[in-house]
Amino acid sequence: MNETHRHPRNRSVLVSGASIAGPAIAYWLHRYGFDVTVVEKAGTVRGGGYPIDIRGTALEVVRRMNVLPQLQKAHVNTQGITFVGADGSTIAALRAENMGIGADGDLEVQRGDLTEILYDAVRDSVAFMFNDSIASLDDRSDGIEVAFRSGARRTFDVVIGADGLHSNTRRLILGPEERFHHYLGACFAGFTLPNHLGLSHEGVLWNTPGRRAALYAAGSGRNVFGLLSFRRSDQPFDAFRNPDAQRELVAATFPDESWEIPRMVAEMRAAEDLFFDAVSQIRMTNWSLGRVALVGDAAYAPSFLTGQGTSLALVGAYVLAGELAAHADHAEAFDAYDRVLRPFVTLNQEMANGGDTELFPATEESLQQRNDALRSLSALPSDPPRAAYSALTLPDYEGSQTGEPKKQR
């Protein structure tokens with residue numbers, strides 16, 4: 001890097017969000033010598049949650065973060081998935097190897113395990129502000145003044161929004177979410193419930209056209225993760241901020257008396273950890289404005305239909321931090337971030353395929369085709385689109401707290 005492009009090593013960055021993208025980008029920014037603060041509206045990093053996947057290019061990111069061994073120990077090691085029909089009868093029981101689970105070193109970990117591992121990697125080197133959030137942003141020529149809900153005020157050089165699908169940071173700088181929210185025609189409710197079936201390192205998947213119920217055991221414990229998802233032509237806006245309305249909507253959509261549906265609906269009604277949302281993507285022509293940039297789901301949520309939300313967050317955090325380290329000017333860094341990452345994001349978002357996937361057939365015809373293929377092949381009808389997982393070769397950003405970073409393509 002030329003002397004004319006050298007920049008101060010103590011540039012200050014505020015990161016909003018302490019789930020996955022937030023701690024990940026905080027790790028890299030600290031490694032490159034930035035002064036990093038993370039603000040999180042919750043009282044601590046959030047545990048629990050559903051299993052998530054780390055694949056392709058994201059595996060190289062966690063290897064470079066030196067957390068790959070910890071994640072490998074946390075790998076849930078799914079042994080297989082059983083598909084059942086509307087009446088609960090078994091269609092096929094597939095081993096993990098028949099479904100590509102664990103292929104090419106893919107990792108599947110509990111979301112809470114990942115967030116704890118990422119937090120532990122930065123908790124002693126990055127300042128965290130829990131129980132707080134951004135109230136307003138004043139972007140000026142010499143920095144961006146942040147007013148917090150707590151009443152505190154501070155000025156930073158850059159603000160990074162890593163606060164998820166319903167990003168407050170995005171709303172503050174670019175307006176209502178509706179401009180960027182692309183609904184994929186479905187909703188879902190996730191929750192934990194007792195392991196009545198005695199499942200161990202396995203999942204069971206029930207389908208009717210446009211509806212899906214799943215029970216997933218990450219281990220052999222007393223609880224499993226439950227998922228009830230369903231097609232719906234319009235978004236149930238009335239339910240998004242009303243848990244009672246969410247429970248009623250899901251219960252009305254699953255009146256079935258077969259398999260475990262009645263038990264799941266009853267447990268869903270009582271669950272303290274119910275998480276309800278729309279199946280949707282965030283699509284934006286620009287991931288930044290002024291001194292503020294977005295990363296992860298806040299910028300390019302791909303939806304759980306792709307299984308790539310976590311991987312995109314990890315890769316995006318790596319690239320954005322690296323470009324900030326490689327450029328003296330934040331605007332140039334944000335432009336480079338977009339150029340490097342956008343083709344990768346586009347490929348992965350396209351995997352949602354309008355919402356009609358092998359694990360969530362939208363029509364009777366596609367469900368029958370999938371079931372016939374499962375019965376005859378004992379494998380999914382087609383190979384997963386693995387090329388998209390590894391479509392980006394990571395740039396090599398080298399840096400330290402005392403040295404100037406170098407960027408190699």
# chains A, B, ... in the order shown; residues from 1 in each chain; ligands from 1

call {"tool": "residues_around", "arguments": {"residues": "range 35-49 of chain A", "least_positions_apart": "4", "cutoff": "9 Å", "atoms": "only C-alpha atoms", "output": "mmCIF file with N, CA and C atoms, in the first residue's frame"}}
result
data_model
loop_
_atom_site.group_PDB
_atom_site.id
_atom_site.type_symbol
_atom_site.label_atom_id
_atom_site.label_comp_id
_atom_site.auth_asym_id
_atom_site.auth_seq_id
_atom_site.Cartn_x
_atom_site.Cartn_y
_atom_site.Cartn_z
ATOM 1 N N ARG A 9 -4.692 4.167 12.314
ATOM 2 C CA ARG A 9 -5.050 2.822 12.747
ATOM 3 C C ARG A 9 -6.120 2.834 13.837
ATOM 4 N N ASN A 10 -6.517 4.018 14.315
ATOM 5 C CA ASN A 10 -7.467 4.065 15.432
ATOM 6 C C ASN A 10 -8.828 4.578 15.005
ATOM 7 N N ARG A 11 -9.191 4.392 13.741
ATOM 8 C CA ARG A 11 -10.517 4.818 13.321
ATOM 9 C C ARG A 11 -11.571 4.108 14.145
ATOM 10 N N SER A 12 -12.575 4.839 14.559
ATOM 11 C CA SER A 12 -13.595 4.280 15.441
ATOM 12 C C SER A 12 -14.793 3.787 14.640
ATOM 13 N N VAL A 13 -15.317 2.622 15.015
ATOM 14 C CA VAL A 13 -16.446 2.006 14.329
ATOM 15 C C VAL A 13 -17.469 1.551 15.364
ATOM 16 N N LEU A 14 -18.726 1.891 15.113
ATOM 17 C CA LEU A 14 -19.824 1.359 15.912
ATOM 18 C C LEU A 14 -20.512 0.275 15.099
ATOM 19 N N VAL A 15 -20.690 -0.894 15.701
ATOM 20 C CA VAL A 15 -21.409 -1.993 15.079
ATOM 21 C C VAL A 15 -22.715 -2.184 15.839
ATOM 22 N N SER A 16 -23.835 -2.163 15.127
ATOM 23 C CA SER A 16 -25.138 -2.387 15.747
ATOM 24 C C SER A 16 -25.554 -3.831 15.524
ATOM 25 N N GLY A 17 -25.663 -4.595 16.609
ATOM 26 C CA GLY A 17 -26.067 -5.991 16.511
ATOM 27 C C GLY A 17 -24.981 -6.937 16.981
ATOM 28 N N ALA A 18 -25.343 -7.866 17.876
ATOM 29 C CA ALA A 18 -24.360 -8.795 18.443
ATOM 30 C C ALA A 18 -24.788 -10.244 18.246
ATOM 31 N N SER A 19 -25.331 -10.540 17.063
ATOM 32 C CA SER A 19 -25.745 -11.909 16.780
ATOM 33 C C SER A 19 -24.625 -12.648 16.067
ATOM 34 N N GLY A 22 -22.411 -9.129 13.474
ATOM 35 C CA GLY A 22 -21.825 -8.099 14.328
ATOM 36 C C GLY A 22 -20.528 -8.518 14.986
ATOM 37 N N PRO A 23 -20.522 -9.603 15.785
ATOM 38 C CA PRO A 23 -19.252 -10.047 16.369
ATOM 39 C C PRO A 23 -18.218 -10.447 15.328
ATOM 40 N N ALA A 26 -16.702 -7.278 14.036
ATOM 41 C CA ALA A 26 -15.930 -6.701 15.131
ATOM 42 C C ALA A 26 -14.582 -7.399 15.271
ATOM 43 N N TYR A 27 -14.585 -8.725 15.092
ATOM 44 C CA TYR A 27 -13.327 -9.485 15.163
ATOM 45 C C TYR A 27 -12.320 -8.981 14.129
ATOM 46 N N LEU A 29 -12.327 -6.163 12.309
ATOM 47 C CA LEU A 29 -11.952 -4.750 12.465
ATOM 48 C C LEU A 29 -10.927 -4.577 13.582
ATOM 49 N N HIS A 30 -11.137 -5.252 14.691
ATOM 50 C CA HIS A 30 -10.156 -5.183 15.773
ATOM 51 C C HIS A 30 -8.813 -5.726 15.306
ATOM 52 N N GLN A 110 -25.768 -25.364 16.504
ATOM 53 C CA GLN A 110 -26.851 -24.617 17.110
ATOM 54 C C GLN A 110 -26.532 -23.124 17.011
ATOM 55 N N ARG A 111 -27.520 -22.328 16.657
ATOM 56 C CA ARG A 111 -27.282 -20.897 16.499
ATOM 57 C C ARG A 111 -26.664 -20.296 17.764
ATOM 58 N N GLY A 112 -27.164 -20.719 18.925
ATOM 59 C CA GLY A 112 -26.621 -20.193 20.167
ATOM 60 C C GLY A 112 -25.167 -20.548 20.373
ATOM 61 N N ASP A 113 -24.744 -21.740 19.933
ATOM 62 C CA ASP A 113 -23.334 -22.119 20.035
ATOM 63 C C ASP A 113 -22.467 -21.209 19.186
ATOM 64 N N LEU A 114 -22.929 -20.904 17.978
ATOM 65 C CA LEU A 114 -22.158 -20.018 17.106
ATOM 66 C C LEU A 114 -22.035 -18.623 17.705
ATOM 67 N N THR A 115 -23.145 -18.069 18.192
ATOM 68 C CA THR A 115 -23.075 -16.718 18.746
ATOM 69 C C THR A 115 -22.152 -16.666 19.960
ATOM 70 N N GLU A 116 -22.157 -17.697 20.798
ATOM 71 C CA GLU A 116 -21.273 -17.719 21.957
ATOM 72 C C GLU A 116 -19.807 -17.799 21.534
ATOM 73 N N TYR A 119 -18.786 -14.418 20.129
ATOM 74 C CA TYR A 119 -18.683 -13.444 21.223
ATOM 75 C C TYR A 119 -17.411 -13.682 22.035
ATOM 76 N N SER A 125 -11.627 -7.823 23.690
ATOM 77 C CA SER A 125 -10.919 -6.836 22.875
ATOM 78 C C SER A 125 -11.828 -5.784 22.262
ATOM 79 N N VAL A 126 -13.129 -5.972 22.396
ATOM 80 C CA VAL A 126 -14.109 -5.056 21.800
ATOM 81 C C VAL A 126 -15.083 -4.613 22.887
ATOM 82 N N ALA A 127 -15.464 -3.338 22.874
ATOM 83 C CA ALA A 127 -16.415 -2.824 23.864
ATOM 84 C C ALA A 127 -17.838 -3.186 23.458
ATOM 85 N N PHE A 128 -18.613 -3.727 24.401
ATOM 86 C CA PHE A 128 -20.012 -4.072 24.152
ATOM 87 C C PHE A 128 -20.915 -3.193 25.007
ATOM 88 N N MET A 129 -21.977 -2.695 24.383
ATOM 89 C CA MET A 129 -23.015 -1.927 25.069
ATOM 90 C C MET A 129 -24.315 -2.725 24.973
ATOM 91 N N PHE A 130 -24.644 -3.480 26.018
ATOM 92 C CA PHE A 130 -25.877 -4.249 26.018
ATOM 93 C C PHE A 130 -27.030 -3.407 26.558
ATOM 94 N N ASN A 131 -28.237 -3.869 26.312
ATOM 95 C CA ASN A 131 -29.444 -3.153 26.741
ATOM 96 C C ASN A 131 -29.490 -1.732 26.194
ATOM 97 N N ASP A 132 -29.052 -1.555 24.956
ATOM 98 C CA ASP A 132 -29.065 -0.232 24.345
ATOM 99 C C ASP A 132 -29.182 -0.390 22.832
ATOM 100 N N SER A 133 -29.492 0.693 22.161
ATOM 101 C CA SER A 133 -29.616 0.666 20.709
ATOM 102 C C SER A 133 -29.494 2.082 20.178
ATOM 103 N N ILE A 134 -29.399 2.200 18.860
ATOM 104 C CA ILE A 134 -29.252 3.506 18.221
ATOM 105 C C ILE A 134 -30.616 4.174 18.115
ATOM 106 N N ASP A 163 -27.805 -5.631 12.220
ATOM 107 C CA ASP A 163 -28.939 -5.862 13.115
ATOM 108 C C ASP A 163 -30.119 -6.559 12.442
ATOM 109 N N GLY A 190 -41.046 -20.853 14.765
ATOM 110 C CA GLY A 190 -40.077 -21.771 15.348
ATOM 111 C C GLY A 190 -40.139 -21.716 16.866
ATOM 112 N N PHE A 191 -39.898 -22.856 17.528
ATOM 113 C CA PHE A 191 -40.019 -22.935 18.980
ATOM 114 C C PHE A 191 -39.415 -24.254 19.452
ATOM 115 N N THR A 192 -39.121 -24.339 20.719
ATOM 116 C CA THR A 192 -38.653 -25.604 21.279
ATOM 117 C C THR A 192 -39.812 -26.304 21.973
ATOM 118 N N PHE A 225 -36.216 -28.843 18.399
ATOM 119 C CA PHE A 225 -36.666 -27.614 17.764
ATOM 120 C C PHE A 225 -37.812 -27.943 16.827
ATOM 121 N N ASP A 273 -40.355 -19.238 23.771
ATOM 122 C CA ASP A 273 -39.330 -18.804 22.821
ATOM 123 C C ASP A 273 -39.854 -18.771 21.385
ATOM 124 N N PHE A 275 -40.689 -17.853 17.822
ATOM 125 C CA PHE A 275 -40.165 -16.865 16.888
ATOM 126 C C PHE A 275 -40.972 -16.975 15.598
#

call {"tool": "residues_around", "arguments": {"residues": "range 63-75 of chain A", "least_positions_apart": "2", "cutoff": "7 Å", "atoms": "only C-alpha atoms", "output": "tab-separated table (two decimals) with N, CA and C atoms, in the first residue's frame"}}
result
chain	number	residue	atom	x	y	z
A	59	LEU	N	-16.64	-21.36	5.40
A	59	LEU	CA	-15.74	-22.23	6.16
A	59	LEU	C	-14.33	-21.67	6.20
A	60	GLU	N	-13.91	-21.04	5.11
A	60	GLU	CA	-12.59	-20.43	5.09
A	60	GLU	C	-12.55	-19.21	6.00
A	61	VAL	N	-13.66	-18.48	6.09
A	61	VAL	CA	-13.71	-17.33	7.00
A	61	VAL	C	-13.50	-17.78	8.44
A	77	ASN	N	-23.86	-33.03	13.89
A	77	ASN	CA	-23.71	-34.37	13.32
A	77	ASN	C	-25.05	-35.06	13.07
A	107	LEU	N	-20.59	-27.43	8.11
A	107	LEU	CA	-20.87	-27.49	9.54
A	107	LEU	C	-22.32	-27.15	9.80
A	108	GLU	N	-22.91	-27.83	10.76
A	108	GLU	CA	-24.24	-27.51	11.25
A	108	GLU	C	-24.13	-27.38	12.76
A	109	VAL	N	-24.43	-26.20	13.27
A	109	VAL	CA	-24.29	-25.95	14.70
A	109	VAL	C	-25.54	-25.25	15.21
A	113	ASP	N	-24.74	-21.74	19.93
A	113	ASP	CA	-23.33	-22.12	20.04
A	113	ASP	C	-22.47	-21.21	19.19

call {"tool": "residues_around", "arguments": {"residues": "Trp259 in chain A", "least_positions_apart": "2", "cutoff": "8 Å", "atoms": "only C-alpha atoms", "output": "PyMOL selection string"}}
result
chain A and resi 86-88+257+261-262

call {"tool": "closest_residue", "arguments": {"among": "A:Ala387, A:Ala301, A:Val265, A:Ala325", "to": "Ala189 in chain A", "atoms": "only C-alpha atoms"}}
result
A:Val265

call {"tool": "closest_residue", "arguments": {"among": "A:Ser136, A:Asn371, A:Ser366, A:Asn223", "to": "Thr155 in chain A", "atoms": "only C-alpha atoms"}}
result
A:Ser136

call {"tool": "atom_distance", "arguments": {"atom1": "CA of Leu172 in chain A", "atom2": "CA of Leu341 in chain A"}}
result
23.5 Å

call {"tool": "atom_distance", "arguments": {"atom1": "CA of Phe83 in chain A", "atom2": "CA of Ala218 in chain A"}}
result
17.0 Å

call {"tool": "select_by_dssp", "arguments": {"residues": "range 190-243 of chain A", "states": "helix (DSSP H, G or I)", "output": "list in words"}}
result
Phe237, Asp238, Ala239 and Pro243 of chain A

call {"tool": "atom_distance", "arguments": {"atom1": "CA of Ala135 in chain A", "atom2": "CA of Ser150 in chain A"}}
result
8.7 Å

call {"tool": "residues_around", "arguments": {"residues": "Val84 in chain A", "least_positions_apart": "3", "cutoff": "8 Å", "atoms": "only C-alpha atoms", "output": "CSV table (one decimal) with C-alpha atoms, in the first residue's frame"}}
result
chain,number,residue,atom,x,y,z
A,87,ASP,CA,-51.1,-39.1,7.5
A,88,GLY,CA,-47.8,-39.5,9.3
A,89,SER,CA,-46.7,-42.6,7.3
A,90,THR,CA,-43.1,-42.8,6.3
A,91,ILE,CA,-42.2,-41.9,2.8
A,92,ALA,CA,-38.4,-42.2,3.1
A,204,VAL,CA,-38.5,-35.6,10.8
A,205,LEU,CA,-40.3,-33.6,8.1
A,206,TRP,CA,-44.0,-33.6,7.4
A,207,ASN,CA,-45.4,-32.0,4.2

call {"tool": "residues_around", "arguments": {"residues": "Ser200 in chain A", "least_positions_apart": "5", "cutoff": "12 Å", "atoms": "only C-alpha atoms", "output": "number ranges by chain"}}
result
A: 76-81, 195, 215-225

call {"tool": "write_last_selection", "arguments": {"atoms": "N, CA and C atoms", "output": "CSV table (one decimal), in the first residue's frame"}}
result
chain,number,residue,atom,x,y,z
A,76,VAL,N,-23.4,-30.6,15.1
A,76,VAL,CA,-24.5,-31.4,15.6
A,76,VAL,C,-24.5,-32.8,15.0
A,77,ASN,N,-23.9,-33.0,13.9
A,77,ASN,CA,-23.7,-34.4,13.3
A,77,ASN,C,-25.0,-35.1,13.1
A,78,THR,N,-25.9,-34.4,12.3
A,78,THR,CA,-27.2,-35.0,11.9
A,78,THR,C,-27.0,-36.3,11.2
A,79,GLN,N,-27.7,-37.3,11.6
A,79,GLN,CA,-27.5,-38.7,11.1
A,79,GLN,C,-28.5,-39.0,9.9
A,80,GLY,N,-29.6,-38.2,9.9
A,80,GLY,CA,-30.5,-38.5,8.8
A,80,GLY,C,-31.8,-37.7,9.0
A,81,ILE,N,-32.7,-37.8,8.0
A,81,ILE,CA,-34.0,-37.1,8.0
A,81,ILE,C,-35.0,-38.1,7.5
A,195,ASN,N,-39.1,-33.6,23.6
A,195,ASN,CA,-38.7,-34.6,22.7
A,195,ASN,C,-39.5,-35.8,22.9
A,215,LEU,N,-39.6,-31.5,13.1
A,215,LEU,CA,-39.0,-31.7,14.4
A,215,LEU,C,-37.5,-32.0,14.2
A,216,TYR,N,-36.7,-31.3,14.9
A,216,TYR,CA,-35.2,-31.5,14.7
A,216,TYR,C,-34.5,-31.6,16.1
A,217,ALA,N,-33.8,-32.7,16.2
A,217,ALA,CA,-33.0,-33.0,17.4
A,217,ALA,C,-31.5,-32.8,17.1
A,218,ALA,N,-30.9,-31.8,17.7
A,218,ALA,CA,-29.5,-31.5,17.5
A,218,ALA,C,-28.7,-32.5,18.2
A,219,GLY,N,-29.2,-33.2,19.3
A,219,GLY,CA,-28.5,-34.2,20.0
A,219,GLY,C,-29.5,-35.2,20.5
A,220,SER,N,-29.3,-35.6,21.8
A,220,SER,CA,-30.2,-36.6,22.4
A,220,SER,C,-30.9,-36.0,23.6
A,221,GLY,N,-31.1,-34.7,23.6
A,221,GLY,CA,-31.6,-34.1,24.8
A,221,GLY,C,-33.1,-34.2,25.0
A,222,ARG,N,-33.6,-33.5,26.0
A,222,ARG,CA,-35.0,-33.6,26.4
A,222,ARG,C,-35.9,-32.7,25.4
A,223,ASN,N,-35.3,-31.8,24.7
A,223,ASN,CA,-36.0,-30.9,23.9
A,223,ASN,C,-35.6,-31.0,22.4
A,224,VAL,N,-36.5,-30.6,21.5
A,224,VAL,CA,-36.2,-30.5,20.1
A,224,VAL,C,-36.7,-29.2,19.6
A,225,PHE,N,-36.2,-28.8,18.4
A,225,PHE,CA,-36.7,-27.6,17.8
A,225,PHE,C,-37.8,-27.9,16.8

call {"tool": "closest_residue", "arguments": {"among": "A:Val279, A:Leu274, A:Ala317, A:Leu199", "to": "Gln235 in chain A", "atoms": "only C-alpha atoms"}}
result
A:Val279

call {"tool": "residues_around", "arguments": {"residues": "Ile160 in chain A", "least_positions_apart": "5", "cutoff": "6 Å", "atoms": "only C-alpha atoms", "output": "PDB file with N, CA and C atoms, in the first residue's frame"}}
result
ATOM      1  N   VAL A  15     -20.690  -0.894  15.701  1.00  0.00           N
ATOM      2  CA  VAL A  15     -21.409  -1.993  15.079  1.00  0.00           C
ATOM      3  C   VAL A  15     -22.715  -2.184  15.839  1.00  0.00           C
ATOM      4  N   VAL A 292     -22.424   5.044   6.802  1.00  0.00           N
ATOM      5  CA  VAL A 292     -23.112   3.866   7.332  1.00  0.00           C
ATOM      6  C   VAL A 292     -23.155   2.765   6.272  1.00  0.00           C
ATOM      7  N   ALA A 293     -22.821   1.554   6.666  1.00  0.00           N
ATOM      8  CA  ALA A 293     -22.923   0.399   5.771  1.00  0.00           C
ATOM      9  C   ALA A 293     -23.653  -0.723   6.491  1.00  0.00           C
ATOM     10  N   LEU A 294     -24.296  -1.581   5.716  1.00  0.00           N
ATOM     11  CA  LEU A 294     -25.051  -2.714   6.248  1.00  0.00           C
ATOM     12  C   LEU A 294     -24.358  -4.018   5.878  1.00  0.00           C
TER      13      LEU A 294
END

call {"tool": "closest_residue", "arguments": {"among": "A:Leu137, A:Met351, A:Val295, A:Leu289", "to": "Ser167 in chain A", "atoms": "only C-alpha atoms"}}
result
A:Val295

call {"tool": "select_by_dssp", "arguments": {"residues": "range 279-403 of chain A", "states": "strand (DSSP E or B)", "output": "ChimeraX atom specification"}}
result
/A:279-282,288-289,292-294,357,360,396-398

call {"tool": "write_last_selection", "arguments": {"atoms": "C-alpha atoms", "output": "JSON list (two decimals), in the first residue's frame"}}
result
[["chain", "number", "residue", "atom", "x", "y", "z"],
["A", 279, "VAL", "CA", -40.01, -15.94, 4.65],
["A", 280, "SER", "CA", -38.45, -13.07, 2.78],
["A", 281, "GLN", "CA", -35.32, -11.50, 1.37],
["A", 282, "ILE", "CA", -33.75, -8.08, 1.65],
["A", 288, "SER", "CA", -24.36, 1.88, 2.29],
["A", 289, "LEU", "CA", -25.13, 5.57, 2.59],
["A", 292, "VAL", "CA", -23.11, 3.87, 7.33],
["A", 293, "ALA", "CA", -22.92, 0.40, 5.77],
["A", 294, "LEU", "CA", -25.05, -2.71, 6.25],
["A", 357, "THR", "CA", -37.87, -26.00, -3.00],
["A", 360, "PHE", "CA", -40.97, -27.06, 0.87],
["A", 396, "ASP", "CA", -6.44, -11.95, 1.14],
["A", 397, "TYR", "CA", -6.58, -9.00, 3.52],
["A", 398, "GLU", "CA", -3.53, -8.97, 5.75]]

call {"tool": "residues_around", "arguments": {"residues": "Trp287 in chain A", "least_positions_apart": "6", "cutoff": "12 Å", "atoms": "only C-alpha atoms", "output": "PyMOL selection string"}}
result
chain A and resi 160-162+169-170+173-174+180+293-301+316+320+331+333-339+341-342+345

call {"tool": "write_last_selection", "arguments": {"atoms": "C-alpha atoms", "output": "mmCIF file, in the first residue's frame"}}
result
data_model
loop_
_atom_site.group_PDB
_atom_site.id
_atom_site.type_symbol
_atom_site.label_atom_id
_atom_site.label_comp_id
_atom_site.auth_asym_id
_atom_site.auth_seq_id
_atom_site.Cartn_x
_atom_site.Cartn_y
_atom_site.Cartn_z
ATOM 1 C CA ILE A 160 -22.092 -0.755 10.599
ATOM 2 C CA GLY A 161 -25.649 -2.099 10.710
ATOM 3 C CA ALA A 162 -25.493 -5.810 11.542
ATOM 4 C CA THR A 169 -29.958 0.972 11.289
ATOM 5 C CA ARG A 170 -31.302 0.512 7.775
ATOM 6 C CA ILE A 173 -30.715 5.893 7.085
ATOM 7 C CA LEU A 174 -32.902 4.608 4.248
ATOM 8 C CA PHE A 180 -36.331 -3.547 0.415
ATOM 9 C CA ALA A 293 -22.923 0.399 5.771
ATOM 10 C CA LEU A 294 -25.051 -2.714 6.248
ATOM 11 C CA VAL A 295 -23.899 -6.319 6.509
ATOM 12 C CA GLY A 296 -25.553 -9.727 6.761
ATOM 13 C CA ASP A 297 -29.336 -9.996 6.846
ATOM 14 C CA ALA A 298 -29.666 -6.227 7.240
ATOM 15 C CA ALA A 299 -28.296 -5.847 3.704
ATOM 16 C CA TYR A 300 -28.993 -9.107 1.857
ATOM 17 C CA ALA A 301 -31.015 -11.625 3.846
ATOM 18 C CA GLY A 316 -19.871 -10.267 4.209
ATOM 19 C CA LEU A 320 -16.465 -5.338 4.576
ATOM 20 C CA ALA A 331 -16.791 5.523 0.545
ATOM 21 C CA ALA A 333 -14.220 0.833 0.955
ATOM 22 C CA PHE A 334 -17.995 0.539 0.719
ATOM 23 C CA ASP A 335 -17.861 0.565 -3.091
ATOM 24 C CA ALA A 336 -15.236 -2.176 -3.093
ATOM 25 C CA TYR A 337 -17.294 -4.224 -0.624
ATOM 26 C CA ASP A 338 -20.220 -4.071 -3.039
ATOM 27 C CA ARG A 339 -18.126 -5.018 -6.077
ATOM 28 C CA LEU A 341 -19.563 -9.412 -2.625
ATOM 29 C CA ARG A 342 -22.620 -8.657 -4.755
ATOM 30 C CA VAL A 345 -24.941 -12.612 -2.756
#

call {"tool": "closest_residue", "arguments": {"among": "A:Pro395, A:Asp256, A:Arg232, A:Asp120", "to": "Tyr318 in chain A", "atoms": "only C-alpha atoms"}}
result
A:Pro395

call {"tool": "closest_residue", "arguments": {"among": "A:Ser258, A:Gln246, A:Ser233, A:Gln308", "to": "Thr346 in chain A", "atoms": "only C-alpha atoms"}}
result
A:Gln308
